[in-house]
>>> print(open('query_21.txt').read())   # compact mmCIF, C-alpha atoms and all ligand atoms
# COMPACT_ATOMS: atom_id res chain seq x y z
CA MET D 1 -24.70 -1.96 -0.57
CA ASN D 2 -23.02 1.46 -0.62
CA ASN D 3 -20.86 2.46 -3.59
CA PHE D 4 -17.15 1.91 -3.03
CA GLU D 5 -13.69 1.93 -4.55
CA PHE D 6 -11.35 -0.80 -3.43
CA TYR D 7 -7.76 0.30 -3.92
CA ASN D 8 -5.02 -1.72 -2.27
CA PRO D 9 -1.70 -1.70 -4.12
CA THR D 10 0.37 -3.57 -1.50
CA ASN D 11 2.16 -6.61 -2.89
CA LEU D 12 1.66 -9.10 -0.05
CA ILE D 13 4.23 -11.87 -0.05
CA PHE D 14 3.15 -14.62 2.29
CA GLY D 15 4.91 -17.75 3.52
CA THR D 16 8.20 -19.16 4.73
CA GLY D 17 11.57 -18.25 3.29
CA GLN D 18 10.34 -15.11 1.57
CA ILE D 19 12.73 -12.59 3.14
CA GLN D 20 15.34 -13.33 0.48
CA LYS D 21 12.99 -11.79 -2.11
CA LEU D 22 13.85 -8.35 -0.67
CA ALA D 23 16.70 -8.14 -3.15
CA VAL D 24 14.30 -8.09 -6.10
CA LEU D 25 11.45 -6.21 -4.42
CA ILE D 26 13.45 -3.08 -3.61
CA PRO D 27 14.43 -1.06 -6.69
CA LYS D 28 18.12 -1.40 -7.65
CA ASN D 29 20.38 1.47 -6.52
CA SER D 30 18.02 2.39 -3.70
CA LYS D 31 19.54 4.01 -0.66
CA ILE D 32 17.63 2.29 2.13
CA LEU D 33 16.70 3.43 5.62
CA LEU D 34 16.24 0.19 7.58
CA VAL D 35 14.00 0.94 10.58
CA TYR D 36 13.36 -1.38 13.50
CA GLY D 37 12.26 -1.40 17.14
CA GLY D 38 13.92 -2.31 20.42
CA GLY D 39 16.13 -5.10 19.10
CA SER D 40 13.99 -8.28 18.96
CA ILE D 41 15.10 -8.67 15.32
CA PHE D 42 18.68 -9.26 16.48
CA ASN D 43 17.67 -12.09 18.83
CA ASN D 44 15.37 -13.98 16.47
CA GLY D 45 17.60 -13.94 13.41
CA ILE D 46 15.36 -11.74 11.25
CA TYR D 47 17.95 -8.94 11.11
CA SER D 48 20.64 -11.23 9.69
CA LYS D 49 18.27 -12.64 7.07
CA VAL D 50 17.34 -9.11 5.97
CA LYS D 51 20.97 -7.98 5.84
CA GLU D 52 21.96 -11.06 3.88
CA ALA D 53 19.22 -10.42 1.32
CA LEU D 54 20.27 -6.78 0.95
CA ASN D 55 23.98 -7.40 0.58
CA ASP D 56 24.26 -5.25 -2.53
CA PHE D 57 22.38 -2.22 -1.22
CA GLU D 58 23.52 0.88 0.62
CA ILE D 59 21.75 0.79 3.98
CA ILE D 60 21.49 3.21 6.87
CA GLU D 61 19.95 1.80 10.04
CA PHE D 62 17.61 3.49 12.48
CA GLY D 63 16.62 1.44 15.54
CA GLY D 64 14.82 2.18 18.77
CA ILE D 65 11.31 2.84 17.49
CA GLU D 66 9.29 2.13 20.60
CA PRO D 67 5.91 0.39 20.94
CA ASN D 68 3.30 3.11 20.28
CA PRO D 69 5.95 4.99 18.26
CA ASN D 70 6.79 8.48 19.43
CA PHE D 71 6.83 11.53 17.19
CA GLU D 72 9.94 12.65 19.08
CA THR D 73 11.81 9.50 18.01
CA LEU D 74 10.53 9.40 14.46
CA ILE D 75 11.45 13.00 13.76
CA LYS D 76 15.12 12.01 14.23
CA ALA D 77 14.69 9.41 11.49
CA VAL D 78 13.06 12.06 9.28
CA ALA D 79 16.19 14.23 9.63
CA ILE D 80 18.46 11.31 8.68
CA THR D 81 16.22 10.51 5.70
CA GLN D 82 16.55 14.08 4.45
CA GLU D 83 20.31 14.41 5.12
CA GLU D 84 21.18 11.06 3.59
CA LYS D 85 18.82 11.44 0.63
CA ILE D 86 17.14 8.12 1.41
CA ASN D 87 14.85 6.90 -1.36
CA PHE D 88 13.46 3.69 0.14
CA ILE D 89 12.42 2.80 3.70
CA LEU D 90 12.30 -0.79 4.92
CA ALA D 91 10.39 -1.39 8.16
CA VAL D 92 11.24 -4.62 9.97
CA GLY D 93 8.92 -5.05 12.93
CA GLY D 94 5.37 -4.96 14.22
CA GLY D 95 2.69 -2.31 13.87
CA SER D 96 4.72 0.30 15.72
CA VAL D 97 7.74 0.07 13.43
CA ILE D 98 5.57 -0.06 10.30
CA ASP D 99 3.49 2.91 11.46
CA GLY D 100 6.75 4.70 12.24
CA ALA D 101 7.93 4.08 8.68
CA LYS D 102 4.68 5.53 7.34
CA PHE D 103 5.24 8.70 9.34
CA ILE D 104 8.86 9.01 8.18
CA SER D 105 7.76 8.41 4.59
CA ALA D 106 5.13 11.17 4.84
CA ALA D 107 7.19 13.67 6.82
CA ALA D 108 10.43 13.56 4.81
CA HIS D 109 9.11 15.75 1.97
CA PHE D 110 6.38 17.50 3.96
CA GLU D 111 6.37 21.25 3.52
CA GLY D 112 5.48 22.62 6.92
CA ASN D 113 5.80 21.57 10.52
CA PRO D 114 5.62 17.74 10.60
CA ILE D 115 3.69 17.73 13.87
CA GLU D 116 0.77 19.11 11.86
CA ILE D 117 0.60 15.81 9.98
CA LEU D 118 -0.81 14.42 13.22
CA GLN D 119 -2.54 17.45 14.66
CA LYS D 120 -4.36 18.32 11.42
CA ARG D 121 -4.80 14.68 10.26
CA ILE D 122 -3.28 15.48 6.86
CA LEU D 123 -4.09 12.92 4.17
CA PHE D 124 -1.30 11.83 1.83
CA LYS D 125 -2.64 10.99 -1.61
CA ASP D 126 0.26 11.85 -3.93
CA VAL D 127 2.86 9.06 -4.12
CA SER D 128 5.42 11.46 -5.56
CA LYS D 129 5.41 13.36 -2.25
CA VAL D 130 6.20 10.40 0.01
CA ILE D 131 9.14 8.02 0.20
CA PRO D 132 8.28 4.50 -0.95
CA PHE D 133 8.54 1.84 1.73
CA GLY D 134 8.19 -1.89 2.23
CA THR D 135 7.83 -4.03 5.33
CA VAL D 136 8.94 -7.30 6.87
CA LEU D 137 6.20 -8.04 9.38
CA THR D 138 7.30 -9.59 12.69
CA LEU D 139 4.03 -9.36 14.67
CA PRO D 140 0.58 -10.14 13.26
CA ALA D 141 -1.99 -7.78 14.81
CA THR D 142 -2.56 -4.37 13.32
CA GLY D 143 -2.93 -4.98 9.57
CA SER D 144 -0.56 -2.05 9.06
CA GLU D 145 1.37 -4.21 6.60
CA MET D 146 -1.49 -3.93 4.11
CA ASN D 147 -3.22 -0.67 4.91
CA SER D 148 -2.44 3.02 4.63
CA GLY D 149 -3.07 4.16 8.19
CA ALA D 150 -0.72 4.75 11.12
CA VAL D 151 -0.89 5.83 14.73
CA VAL D 152 1.81 7.99 16.32
CA THR D 153 2.15 9.23 19.90
CA ILE D 154 3.24 12.77 20.74
CA ALA D 155 4.95 12.04 24.05
CA ALA D 156 5.14 15.69 25.09
CA THR D 157 1.35 16.04 25.14
CA GLN D 158 0.43 12.38 25.74
CA GLU D 159 -1.62 12.27 22.55
CA LYS D 160 -2.00 9.31 20.22
CA LEU D 161 -3.03 10.53 16.78
CA THR D 162 -3.52 9.05 13.32
CA LEU D 163 -2.21 9.75 9.83
CA GLY D 164 -2.80 8.10 6.50
CA GLY D 165 -3.93 8.39 2.90
CA SER D 166 -3.75 6.30 -0.27
CA ALA D 167 -0.07 7.19 -0.83
CA LEU D 168 0.88 5.42 2.38
CA PHE D 169 0.29 1.78 1.46
CA PRO D 170 3.47 -0.30 1.71
CA LYS D 171 4.89 -1.18 -1.75
CA PHE D 172 5.24 -4.73 -0.45
CA SER D 173 4.99 -6.64 2.79
CA ILE D 174 6.74 -9.90 3.54
CA CYS D 175 4.59 -11.95 5.90
CA ASP D 176 6.41 -15.06 7.07
CA PRO D 177 4.34 -16.85 9.73
CA THR D 178 7.43 -18.51 11.25
CA VAL D 179 8.54 -15.12 12.68
CA ILE D 180 5.94 -15.41 15.42
CA ALA D 181 7.91 -18.20 17.15
CA SER D 182 9.89 -15.62 19.15
CA LEU D 183 6.90 -13.50 20.20
CA PRO D 184 6.14 -13.30 23.91
CA LYS D 185 2.78 -14.82 24.87
CA ARG D 186 1.41 -11.37 25.72
CA GLN D 187 2.07 -10.08 22.19
CA LEU D 188 0.46 -13.14 20.62
CA GLN D 189 -2.62 -12.58 22.79
CA ASN D 190 -2.65 -8.89 21.91
CA GLY D 191 -2.39 -9.69 18.20
CA VAL D 192 -5.42 -12.01 18.22
CA ILE D 193 -7.56 -9.49 20.10
CA ASP D 194 -6.49 -6.45 18.09
CA ALA D 195 -7.49 -8.26 14.88
CA TYR D 196 -10.72 -9.54 16.45
CA VAL D 197 -11.76 -6.03 17.48
CA HIS D 198 -10.81 -4.65 14.05
CA VAL D 199 -13.44 -6.96 12.63
CA LEU D 200 -15.99 -6.00 15.29
CA GLU D 201 -15.44 -2.29 14.55
CA GLN D 202 -16.47 -2.95 10.95
CA TYR D 203 -19.16 -5.55 11.66
CA LEU D 204 -21.03 -4.66 14.88
CA THR D 205 -22.92 -1.72 13.44
CA TYR D 206 -26.44 -2.09 12.04
CA PRO D 207 -27.99 -4.42 9.44
CA HIS D 208 -27.07 -3.55 5.83
CA GLU D 209 -26.91 -5.16 2.42
CA GLY D 210 -23.23 -6.09 2.53
CA TYR D 211 -23.99 -9.79 2.96
CA LEU D 212 -20.62 -10.91 1.63
CA GLN D 213 -18.72 -8.44 3.82
CA ASP D 214 -20.59 -9.83 6.85
CA ARG D 215 -19.76 -13.43 5.91
CA ILE D 216 -16.08 -12.61 5.36
CA ALA D 217 -16.00 -10.75 8.69
CA GLU D 218 -17.61 -13.73 10.43
CA GLY D 219 -15.07 -16.05 8.79
CA ILE D 220 -12.21 -14.01 10.23
CA LEU D 221 -13.83 -13.96 13.70
CA GLU D 222 -14.39 -17.74 13.62
CA THR D 223 -10.81 -18.36 12.49
CA LEU D 224 -9.42 -16.17 15.28
CA ILE D 225 -11.58 -18.02 17.84
CA GLN D 226 -10.40 -21.34 16.36
CA VAL D 227 -6.66 -20.61 16.31
CA GLY D 228 -6.23 -17.85 18.92
CA PRO D 229 -5.97 -19.84 22.17
CA SER D 230 -3.76 -22.55 20.59
CA VAL D 231 -1.40 -20.25 18.68
CA VAL D 232 -0.47 -18.62 21.98
CA GLU D 233 0.65 -22.04 23.28
CA LYS D 234 2.11 -23.36 20.02
CA PRO D 235 3.42 -20.45 17.94
CA LYS D 236 5.69 -22.81 16.00
CA ASP D 237 2.68 -24.71 14.59
CA TYR D 238 2.65 -23.48 11.00
CA ALA D 239 -1.07 -24.08 10.39
CA LEU D 240 -1.94 -22.01 13.46
CA ALA D 241 0.66 -19.32 12.77
CA SER D 242 -0.27 -18.87 9.10
CA ASN D 243 -4.01 -18.66 9.76
CA PHE D 244 -3.41 -16.21 12.60
CA MET D 245 -1.19 -14.00 10.45
CA TRP D 246 -3.50 -14.01 7.44
CA SER D 247 -6.56 -13.30 9.62
CA CYS D 248 -4.84 -10.24 11.09
CA THR D 249 -3.99 -8.87 7.65
CA MET D 250 -7.49 -9.55 6.30
CA ALA D 251 -9.10 -7.90 9.32
CA LEU D 252 -7.76 -4.47 8.38
CA ASN D 253 -6.74 -4.31 4.74
CA GLY D 254 -9.89 -2.50 3.68
CA LEU D 255 -11.81 -5.45 2.23
CA ILE D 256 -14.46 -6.00 4.89
CA GLN D 257 -15.26 -2.33 5.32
CA LYS D 258 -16.07 -1.65 1.67
CA GLY D 259 -19.68 -0.67 1.07
CA VAL D 260 -20.72 -0.98 4.72
CA PRO D 261 -20.80 1.30 7.80
CA SER D 262 -18.05 1.14 10.40
CA ASP D 263 -17.66 2.34 13.97
CA TRP D 264 -14.04 2.77 15.28
CA ALA D 265 -15.08 4.47 18.54
CA THR D 266 -13.57 1.64 20.62
CA HIS D 267 -10.23 2.44 19.00
CA MET D 268 -10.59 6.18 19.46
CA ILE D 269 -11.31 5.82 23.17
CA GLY D 270 -8.75 3.04 23.56
CA HIS D 271 -5.97 5.20 22.09
CA GLU D 272 -6.54 7.63 24.95
CA LEU D 273 -5.99 4.87 27.52
CA THR D 274 -2.67 4.00 25.86
CA ALA D 275 -1.67 7.67 25.68
CA LEU D 276 -2.54 8.24 29.35
CA PHE D 277 -1.44 4.98 30.98
CA GLY D 278 0.72 3.15 28.43
CA ILE D 279 -1.70 0.18 28.35
CA ASP D 280 -1.08 -2.13 25.35
CA HIS D 281 -3.32 -1.23 22.41
CA ALA D 282 -5.25 -4.54 22.28
CA ARG D 283 -5.87 -4.45 26.02
CA THR D 284 -7.50 -1.05 25.78
CA LEU D 285 -9.88 -2.49 23.18
CA ALA D 286 -10.84 -5.39 25.46
CA ILE D 287 -11.56 -2.90 28.25
CA ILE D 288 -13.64 -0.46 26.19
CA GLY D 289 -15.34 -2.61 23.51
CA PRO D 290 -17.85 -4.60 25.60
CA ASN D 291 -18.94 -1.50 27.54
CA LEU D 292 -19.40 0.42 24.31
CA TYR D 293 -21.66 -2.39 23.05
CA ARG D 294 -23.66 -2.15 26.29
CA VAL D 295 -24.07 1.63 26.16
CA MET D 296 -24.89 1.52 22.42
CA PHE D 297 -27.10 -1.57 22.80
CA GLU D 298 -30.16 -0.13 21.03
CA THR D 299 -28.10 0.91 17.98
CA LYS D 300 -26.15 -2.33 17.77
CA LYS D 301 -28.49 -5.01 19.05
CA GLN D 302 -29.56 -6.38 15.67
CA LYS D 303 -25.96 -6.95 14.61
CA LEU D 304 -25.05 -8.20 18.08
CA ALA D 305 -27.84 -10.77 17.72
CA GLN D 306 -26.63 -11.81 14.25
CA TYR D 307 -23.11 -12.18 15.69
CA GLY D 308 -24.45 -14.17 18.65
CA LYS D 309 -26.37 -16.57 16.41
CA ARG D 310 -23.76 -17.06 13.73
CA ILE D 311 -20.56 -17.07 15.79
CA PHE D 312 -21.70 -18.48 19.14
CA ASN D 313 -24.84 -20.43 18.08
CA LEU D 314 -26.93 -18.61 20.70
CA SER D 315 -30.71 -18.77 20.82
CA GLY D 316 -33.48 -16.77 22.52
CA SER D 317 -35.04 -13.38 21.90
CA GLU D 318 -33.08 -10.72 20.01
CA ASP D 319 -32.27 -8.87 23.23
CA GLU D 320 -31.19 -12.05 25.01
CA ILE D 321 -28.93 -13.18 22.20
CA ALA D 322 -27.41 -9.71 21.86
CA ASN D 323 -26.66 -9.57 25.59
CA ASP D 324 -25.24 -13.09 25.65
CA ALA D 325 -23.08 -12.22 22.64
CA ILE D 326 -21.45 -9.43 24.66
CA ASN D 327 -20.84 -11.89 27.52
CA LYS D 328 -19.36 -14.46 25.11
CA THR D 329 -17.06 -11.77 23.72
CA ILE D 330 -15.83 -10.92 27.21
CA ALA D 331 -15.30 -14.63 27.91
CA PHE D 332 -13.17 -14.93 24.75
CA PHE D 333 -11.15 -11.86 25.74
CA LYS D 334 -10.50 -13.46 29.13
CA ILE D 335 -9.44 -16.76 27.54
CA MET D 336 -6.98 -14.66 25.54
CA GLY D 337 -5.54 -13.18 28.75
CA MET D 338 -7.05 -9.72 28.35
CA PRO D 339 -8.05 -7.43 31.20
CA THR D 340 -11.63 -6.26 30.73
CA GLN D 341 -11.72 -3.45 33.31
CA LEU D 342 -9.36 -0.50 33.70
CA SER D 343 -8.84 -1.31 37.39
CA GLU D 344 -7.00 -4.48 36.32
CA CYS D 345 -4.29 -2.30 34.74
CA GLU D 346 -4.30 1.00 36.66
CA LYS D 347 -4.85 2.37 40.14
CA ASN D 348 -5.44 6.09 39.60
CA PHE D 349 -8.11 6.30 36.97
CA ASP D 350 -11.04 8.12 38.57
CA LYS D 351 -10.75 11.26 36.37
CA THR D 352 -10.18 9.35 33.11
CA ALA D 353 -13.70 9.73 31.71
CA ASP D 354 -13.76 13.50 32.20
CA PHE D 355 -10.26 13.82 30.78
CA ILE D 356 -11.13 11.89 27.61
CA VAL D 357 -14.41 13.75 27.11
CA ASN D 358 -12.66 17.13 27.45
CA ARG D 359 -10.00 16.07 24.98
CA PHE D 360 -12.53 14.90 22.43
CA ALA D 361 -14.44 18.17 22.87
CA GLU D 362 -11.25 20.20 22.30
CA ARG D 363 -10.66 18.28 19.08
CA GLY D 364 -14.26 18.84 17.98
CA TRP D 365 -15.03 15.08 18.16
CA THR D 366 -18.56 15.41 19.46
CA ALA D 367 -20.18 12.46 17.68
CA LEU D 368 -18.60 9.07 17.04
CA GLY D 369 -19.69 5.70 15.72
CA GLU D 370 -21.48 4.34 12.67
CA LYS D 371 -24.54 6.51 13.32
CA GLN D 372 -22.61 9.41 14.80
CA ASN D 373 -24.73 8.95 17.92
CA ILE D 374 -21.97 8.20 20.41
CA THR D 375 -22.13 11.59 22.06
CA LEU D 376 -19.62 12.83 24.61
CA GLU D 377 -22.11 11.93 27.33
CA LYS D 378 -22.11 8.35 26.04
CA VAL D 379 -18.30 8.33 25.84
CA LYS D 380 -18.30 9.31 29.52
CA SER D 381 -20.66 6.43 30.40
CA ILE D 382 -18.61 3.94 28.36
CA VAL D 383 -15.36 4.93 30.10
CA GLU D 384 -16.96 4.99 33.55
CA MET D 385 -18.44 1.52 32.99
CA SER D 386 -14.92 0.38 32.07
CA TYR D 387 -13.39 1.41 35.42
O1 LIG A 1 10.54 -3.32 19.43
P1 LIG A 1 10.88 -4.72 19.16
O2 LIG A 1 12.19 -5.15 19.68
O3 LIG A 1 10.68 -5.11 17.72
O4 LIG A 1 9.85 -5.63 20.05
C1 LIG A 1 8.46 -5.61 19.83
C2 LIG A 1 7.68 -4.81 20.86
O5 LIG A 1 8.34 -4.83 22.09
C3 LIG A 1 7.94 -6.99 20.05
N1 LIG A 1 8.08 -7.85 18.85
C4 LIG A 1 7.64 -7.59 17.60
N2 LIG A 1 7.89 -8.66 16.80
C5 LIG A 1 8.53 -9.58 17.56
C6 LIG A 1 8.67 -9.06 18.86
N3 LIG A 1 9.27 -9.75 19.86
C7 LIG A 1 9.74 -10.96 19.57
N4 LIG A 1 9.61 -11.54 18.35
C8 LIG A 1 9.02 -10.89 17.32
N5 LIG A 1 8.86 -11.50 16.13
O6 LIG A 1 6.56 -6.82 20.34
C9 LIG A 1 6.40 -5.59 21.03
C10 LIG A 1 5.19 -4.86 20.51
O7 LIG A 1 5.41 -4.46 19.17
P2 LIG A 1 4.42 -3.39 18.47
O8 LIG A 1 4.91 -3.19 17.08
O9 LIG A 1 4.27 -2.21 19.34
O10 LIG A 1 3.03 -4.17 18.48
P3 LIG A 1 1.81 -4.13 17.48
O11 LIG A 1 2.13 -4.79 16.21
O12 LIG A 1 0.67 -4.63 18.26
O13 LIG A 1 1.62 -2.57 17.14
C11 LIG A 1 0.93 -1.71 18.02
C12 LIG A 1 0.87 -0.32 17.42
O14 LIG A 1 0.12 -0.32 16.19
C13 LIG A 1 -0.94 0.64 16.29
C14 LIG A 1 -1.23 0.66 17.76
O15 LIG A 1 -1.98 1.79 18.14
C15 LIG A 1 0.15 0.65 18.36
O16 LIG A 1 0.73 1.92 18.31
N6 LIG A 1 -2.04 0.26 15.40
C16 LIG A 1 -1.85 0.47 14.08
C17 LIG A 1 -2.87 0.23 13.17
C18 LIG A 1 -2.66 0.45 11.72
N7 LIG A 1 -1.56 1.04 11.30
O17 LIG A 1 -3.50 0.12 10.92
C19 LIG A 1 -4.19 -0.26 13.57
C20 LIG A 1 -4.25 -0.73 14.97
O18 LIG A 1 -5.57 -0.58 15.42
C21 LIG A 1 -3.35 -0.04 15.93
O19 LIG A 1 -3.91 1.18 16.38
ZN ZN A 2 -6.33 -1.94 16.65
>>> encode(input="query_21.txt", output="structure tokens", more="lines below")
Ligand code: NZQ
Ligand code: ZN
Amino acid sequence: MNNFEFYNPTNLIFGTGQIQKLAVLIPKNSKILLVYGGGSIFNNGIYSKVKEALNDFEIIEFGGIEPNPNFETLIKAVAITQEEKINFILAVGGGSVIDGAKFISAAAHFEGNPIEILQKRILFKDVSKVIPFGTVLTLPATGSEMNSGAVVTIAATQEKLTLGGSALFPKFSICDPTVIASLPKRQLQNGVIDAYVHVLEQYLTYPHEGYLQDRIAEGILETLIQVGPSVVEKPKDYALASNFMWSCTMALNGLIQKGVPSDWATHMIGHELTALFGIDHARTLAIIGPNLYRVMFETKKQKLAQYGKRIFNLSGSEDEIANDAINKTIAFFKIMGMPTQLSECEKNFDKTADFIVNRFAERGWTALGEKQNITLEKVKSIVEMSY
């Protein structure tokens, strides 16, 4: 197993009725920027619960953070944060709102042009240089509630770029599984598949000595397969909702990637499909992932075979099991309502592969994946196979 440090300071508060704890979680005398998205929190009652809990605090609200949060929107919140001398940010929403809060937290005291945070992938390691923030999660999917990464879109250039660093973990996250009752079916499906692919990014690499990491990863995959289809139909079922929410957090809070290789190329290519066509994040992963496993078959086949045996009980030769495992993955994506080809979402896509390859080349991303052997030529094949 590779050496590792496991640092995760987020206080994760899980279960029903926990929103009222906000009053003790946020330092007294904080001036809070409450950030949220398009308004779902008003319809499902989460906003009133949050406001009730924070009765004694001074709060300024900033709404309208869109799915795949835009730099252009967030920069307005940065200005308010600076003008109003905000010293705590509370994100109430899904991955987009939480990622937005991470950007605001990082940009508020940033010396320089904040767009460089994204363009130069600046890492934030000093907690004294960011504004502390907490979250009330309303959509299990991204794991953003317990990790230090974020993804922000620059609308002007249609680019979706990342930021992060150890200073950008939430101070706390309140994860109440009952909040998923108001989620549209499509978002529930997206959440299951985003978490599932997060595990695959960290698991479908090559054999290593992280036996425990593999077993935990497999446990998350099995749980998502077990609860995913039913939670979409019965989001009010607490057993389903709680296991779904906890699986999503565990899929991307750092634990399963410690001491082992990871890939992330499906995400990097998928982000381009969202930036270009506005396709939901999880859907881009369902489109790209299986084709990436096909193109990178020789690199990944041993782990694909392990996955096929342990998750789907497949038998046969290594190559057969590995191939069947890809087919089983596609079948699960389809059960979860995902498109698995770009043509299911878009009509004009014939130049997409060249566009993505040129972009990666401009950014100097010439080798991706756990073995850095996903060359630009392979990226082109993966995207073309996904048409
Ligand atoms: O905007 P509101 O009104 O809140 O509505 C949202 C939005 O329309 C709605 N929603 C959220 N909670 C709800 C609800 N509707 C009803 N009831 C509720 N309880 O759902 C819609 C989608 O929300 P969004 O936050 O965009 O979804 P998600 O959580 O899937 O986040 C996606 C974003 O996270 C990034 C993605 O790239 C994308 O930008 N990711 C962040 C990661 C991270 N920080 O670690 C990792 C992921 O791989 C991912 O890249
Ligand atoms: Zn993801």
>>> closest_residue(input="query_21.txt", among="D:Gly143, D:Gly210, D:Gly308, D:Pro235", to="ligand ZN 2 (chain A)", atoms="all atoms listed in the file")
D:Gly143
>>> atom_distance(input="query_21.txt", atom1="atom CA of Asn70 of chain D", atom2="atom CA of Thr153 of chain D")
4.7 Å
>>> residues_near_ligand(input="query_21.txt", ligand="ligand LIG 1 (chain A)", cutoff="6 Å", atoms="only C-alpha atoms and all ligand atoms", output="list in words")
Gly37, Gly38, Gly39, Ser40, Glu66, Pro67, Asn68, Gly93, Gly94, Gly95, Ser96, Val97, Asp99, Thr138, Leu139, Ala141, Thr142, Gly143, Ser144, Gly149, Ala150, Val151, Val179, Ile180, Ser182, Leu183, Gln187, Gly191 and His281 of chain D
>>> residues_around(input="query_21.txt", residues="segment 161-172 of chain D", least_positions_apart="2", cutoff="7 Å", atoms="all atoms listed in the file", output="PyMOL selection string")
chain D and resi 9-12+102+117-118+121-127+132-135+145-153+159+174
>>> residues_near_ligand(input="query_21.txt", ligand="ligand ZN 2 (chain A)", cutoff="12 Å", atoms="only C-alpha atoms and all ligand atoms", output="ChimeraX atom specification")
/D:68,95-96,140-144,149-151,162,190-202,248-249,251-252,264-271,274,280-286,289
>>> atom_distance(input="query_21.txt", atom1="atom CA of Val130 of chain D", atom2="atom CA of Lys85 of chain D")
12.7 Å
>>> atom_distance(input="query_21.txt", atom1="atom CA of Ile75 of chain D", atom2="atom CA of Ile104 of chain D")
7.3 Å
